[in-house]
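S.K.: I am attaching a structure below and will ask some questions about it afterwards.
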Amino acid sequence: MTTSRKIERRAFLNGLGGAALALPVLDAMGAEVTGQLPRRFCAIYTANGMSLPKSEHKIEDWHWFPTAEKDGAFVFGKSTEPLSPFRKQLSFMGGMHHPSGPKADPHTCSDMWLTGAPLHNPKPGTYNTAGLDQVIALHTKQFCRQPSLVLSIDAGTGFLSRTGTISYSLEGRPIPAENNPRRIFDRLFRADRTSLKSEHEKLQRRIKLVDAVVDSARALDQQLGKSDRERMDQYLTSLNEVESRLIASERWIDIPLKKQSYSHLNLDATSEGEPAEYYRNMFDLIALAFDADITRSVTFMLNREDGMGISDTFPLKLGLAKTHHNLSHATDKEGQMQFAKYDLFLSQQLAHFFEKLNSYEDRQGSVLDNTIVLFGSGASTTHTPRNLPTLVAGGANMGLKHGTYWRRGESRMSNMHLSILRSLGIEQESFADSTSTLSASIFSRS
């Protein structure tokens, strides 16, 4: 096991070669190299679905999906009204689903949101497949300091069916998420030779610890059990993620960061404090990272499924009657109204993020014009894997045309994922269980 693991790690590191270890793309290289506009991706996930009240409740205007039209255009519901200033930069997508959804534990919907698994798995014994964000990172990492940024309300990976991350490696392993604003800021904006050396030393100690555990098991003539192997797998995925990040940082160490103002940040904000302050600081960090072109692939998990994690209590902090998971199971009018008011809160945070992305000028247009943002949930209401609440924003400079509520019966999420890849200039033939690109007008190439 030690030998095979070392071989896997060596192959992983060799896989970082080629384009990944090429020189950073600098303005000094000339227009023929730097002329291409940056293309970025951000996936934002909320658990437990959205409020989709039944018609007999007579509160259709609190439905997350638009339920009315005026002059041929959709009308924002009350829970998404904060997004109305961005009408021409976003679209609602109806009828989205993963074919694997009904076949899986309903609580695994966050695991498969960006992967489409577990309909088919590339290797025996694996649960998940490659995440959309990591496929994108594979193609964009040579242009930026960090291959990807994986964020979550709860740090780490959580556990199977109750994960704390929506990002999965190319091998289908969960990538640990970060949730501390100060640590995220230091990693993105304060990397120097001293800190990188310290990180390398910590990494080497961890690698030695892994080898010691495996050697100890072998000395006792025992094999690690299934649960232990899974823990070791997750730990090694974490080490590989750290290692690839350090390698990327070292390539850029002598290249100055873009000058930015950080005065609006509160790096002491925590998930245990005021929810809006925490979310807005996390979104501000993502916007700054995009503006400085530190990374071009980001995931942010706002909530975990099934009442797990600190964010389940956020509705209570906002004066609502029940926790997030309990609200998602409400079937009465008042319960659905309360659930919709939490959707309203999330829309306010998303609107703040869009405003920030619009405020930063890119080489052409705003950062939002060069970023595709995917927002949604892996369930509609009460763990239902159909008609997943889905919103796509940004990407004007990649040909996305917005201002619509698109629905054509049931459509595969993986087809939309493939459309996003193509819009980003990644010419894959397929993604997960896709059958084609999405026949939606917002994707001009579809």
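Identifiers in the structure tokens: chain A, B, ... in order shown; residue index from 1 per chain; ligand index from 1 in order shown.
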With only C-alpha atoms as the counted atoms, please give the residues lying no more than 10 Å from Pro315 of chain A, apart from itself and same-chain residues fewer than 4 positions off, as an mmCIF file with N, CA and C atoms, in the first residue's frame.
M.R.:
```
data_model
loop_
_atom_site.group_PDB
_atom_site.id
_atom_site.type_symbol
_atom_site.label_atom_id
_atom_site.label_comp_id
_atom_site.auth_asym_id
_atom_site.auth_seq_id
_atom_site.Cartn_x
_atom_site.Cartn_y
_atom_site.Cartn_z
ATOM 1 N N PRO A 275 -24.919 36.134 10.170
ATOM 2 C CA PRO A 275 -24.832 35.419 8.891
ATOM 3 C C PRO A 275 -24.506 36.301 7.689
ATOM 4 N N SER A 311 -24.754 26.490 9.623
ATOM 5 C CA SER A 311 -25.692 27.328 8.873
ATOM 6 C C SER A 311 -27.144 26.893 9.045
ATOM 7 N N GLY A 319 -34.470 35.617 12.773
ATOM 8 C CA GLY A 319 -35.801 35.840 13.326
ATOM 9 C C GLY A 319 -36.870 34.934 12.761
ATOM 10 N N LEU A 320 -36.479 33.916 11.983
ATOM 11 C CA LEU A 320 -37.453 32.973 11.457
ATOM 12 C C LEU A 320 -37.728 31.876 12.478
ATOM 13 N N ALA A 321 -38.779 31.093 12.241
ATOM 14 C CA ALA A 321 -39.306 30.220 13.286
ATOM 15 C C ALA A 321 -38.532 28.927 13.466
ATOM 16 N N LYS A 322 -37.920 28.402 12.385
ATOM 17 C CA LYS A 322 -37.299 27.085 12.467
ATOM 18 C C LYS A 322 -35.925 27.094 11.806
ATOM 19 N N THR A 323 -35.227 25.989 11.979
ATOM 20 C CA THR A 323 -33.926 25.842 11.332
ATOM 21 C C THR A 323 -34.119 25.634 9.827
ATOM 22 N N HIS A 324 -33.031 25.765 9.067
ATOM 23 C CA HIS A 324 -33.103 25.683 7.608
ATOM 24 C C HIS A 324 -33.684 24.355 7.142
ATOM 25 N N HIS A 325 -33.176 23.254 7.652
ATOM 26 C CA HIS A 325 -33.659 21.952 7.215
ATOM 27 C C HIS A 325 -35.134 21.757 7.562
ATOM 28 N N LEU A 327 -37.380 24.085 7.887
ATOM 29 C CA LEU A 327 -38.169 24.935 6.996
ATOM 30 C C LEU A 327 -38.364 24.266 5.635
ATOM 31 N N GLN A 338 -42.092 31.198 5.450
ATOM 32 C CA GLN A 338 -40.864 31.346 6.236
ATOM 33 C C GLN A 338 -39.651 30.851 5.435
ATOM 34 N N PHE A 339 -39.827 29.723 4.762
ATOM 35 C CA PHE A 339 -38.758 29.175 3.936
ATOM 36 C C PHE A 339 -38.381 30.174 2.840
ATOM 37 N N LYS A 341 -38.655 33.342 2.912
ATOM 38 C CA LYS A 341 -37.963 34.503 3.475
ATOM 39 C C LYS A 341 -36.476 34.212 3.675
ATOM 40 N N TYR A 342 -36.152 32.943 3.900
ATOM 41 C CA TYR A 342 -34.732 32.607 3.947
ATOM 42 C C TYR A 342 -34.134 32.640 2.544
ATOM 43 N N ASP A 343 -34.920 32.221 1.541
ATOM 44 C CA ASP A 343 -34.472 32.375 0.152
ATOM 45 C C ASP A 343 -34.204 33.844 -0.157
ATOM 46 N N PHE A 345 -33.199 36.120 1.928
ATOM 47 C CA PHE A 345 -31.912 36.445 2.548
ATOM 48 C C PHE A 345 -30.751 36.003 1.654
#
```
S.K.: What are the closest atom pairs, with distances in Å to one decimal, for all residues of segment 273-374 of chain A lying within 9 Å of segment 54-73 of chain A? Consider only C-alpha atoms, order rows by chain and residue number, and present the result as a tab-separated table.
M.R.:
```
residue	atom	partner	partner_atom	distance
A:Thr331	CA	A:Lys54	CA	8.5
A:Asp332	CA	A:His57	CA	7.7
A:Lys333	CA	A:His57	CA	5.4
A:Glu334	CA	A:His57	CA	8.9
A:Gln336	CA	A:Trp62	CA	8.7
A:Met337	CA	A:Trp62	CA	7.1
A:Ala340	CA	A:Trp62	CA	6.1
A:Lys341	CA	A:Trp62	CA	8.3
A:Asp343	CA	A:Trp64	CA	7.5
A:Leu344	CA	A:Trp64	CA	8.9
```
S.K.: For Pro106 of chain A, which residue out of A:Leu316, A:Thr382, A:Tyr278, A:Arg183 is the nearest one, using only C-alpha atoms?
M.R.: A:Thr382
S.K.: Mind checking which residues fall within 10 Å of Ile310 of chain A, counting only C-alpha atoms, ignoring those fewer than 4 positions away in the same chain, and posting them as a PyMOL selection string?
M.R.: chain A and resi 153-154+271-272+303-304+314
S.K.: For Ile44 of chain A, list every protein, DNA or RNA residue within 7 Å, evaluated using only C-alpha atoms, and leave out those in the same chain fewer than 6 positions away; present the list as a PDB file with C-alpha atoms, in the first residue's frame.
M.R.:
```pdb
ATOM      1  CA  THR A 299     -16.812  26.777  -5.376  1.00  0.00           C
ATOM      2  CA  PHE A 300     -18.692  28.014  -2.319  1.00  0.00           C
ATOM      3  CA  MET A 301     -21.080  25.793  -0.352  1.00  0.00           C
ATOM      4  CA  LEU A 374     -23.832  28.958 -11.311  1.00  0.00           C
ATOM      5  CA  PHE A 375     -26.158  29.184  -8.298  1.00  0.00           C
ATOM      6  CA  GLY A 376     -28.595  26.554  -7.138  1.00  0.00           C
TER       7      GLY A 376
END
```
S.K.: So which one's closest to Leu391 of chain A, A:Gly309, A:Pro147, A:Pro176, A:Gly94? Using only C-alpha atoms, please.
M.R.: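 Closest to Leu391 of chain A of all the choices is A:Gly94.
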S.K.: Write out as a list in words the set of residues from segment 63-108 of chain A that DSSP, computed on the backbone, places in helix (DSSP H, G or I).
M.R.: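 Residues of segment 63-108 of chain A classed as helix (DSSP H, G or I): Glu81, Pro82, Leu83, Ser84, Pro85, Phe86, Arg87, Lys88, Gln89, Gly101, Pro102, Lys103, Pro106, His107 and Thr108 of chain A.
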S.K.: Just want the 12 Å neighbourhood of Ser359 of chain A, counted on only C-alpha atoms, with same-chain residues fewer than 4 positions away dropped. Output as a list in words.
M.R.: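 The filter keeps Asp284, Ala287, Leu288, Phe290, Asp291, His352, Phe353, Phe354, Glu355, Gly365, Ser366, Val367, Leu368 and Asp369 of chain A.
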S.K.: With only C-alpha atoms as the atoms that count, which of A:Gln260, A:His383, A:Ser377, A:Gly273 lies nearest to Tyr45 of chain A?
M.R.: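 Ranking A:Gln260, A:His383, A:Ser377, A:Gly273 by distance to Tyr45 of chain A, first place goes to A:Ser377.
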S.K.: State, in Å with one decimal place, the distance from atom CA of Arg363 of chain A to atom CA of Ala292 of chain A.
M.R.: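 Atom-to-atom, atom CA of Arg363 of chain A to atom CA of Ala292 of chain A, that is 11.4 Å.
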S.K.: Kindly indicate which residue among A:Glu305, A:Asp312, A:Glu171, A:Asp186 lies nearest to Gln134 of chain A, using only C-alpha atoms for the distances.
M.R.: A:Glu171
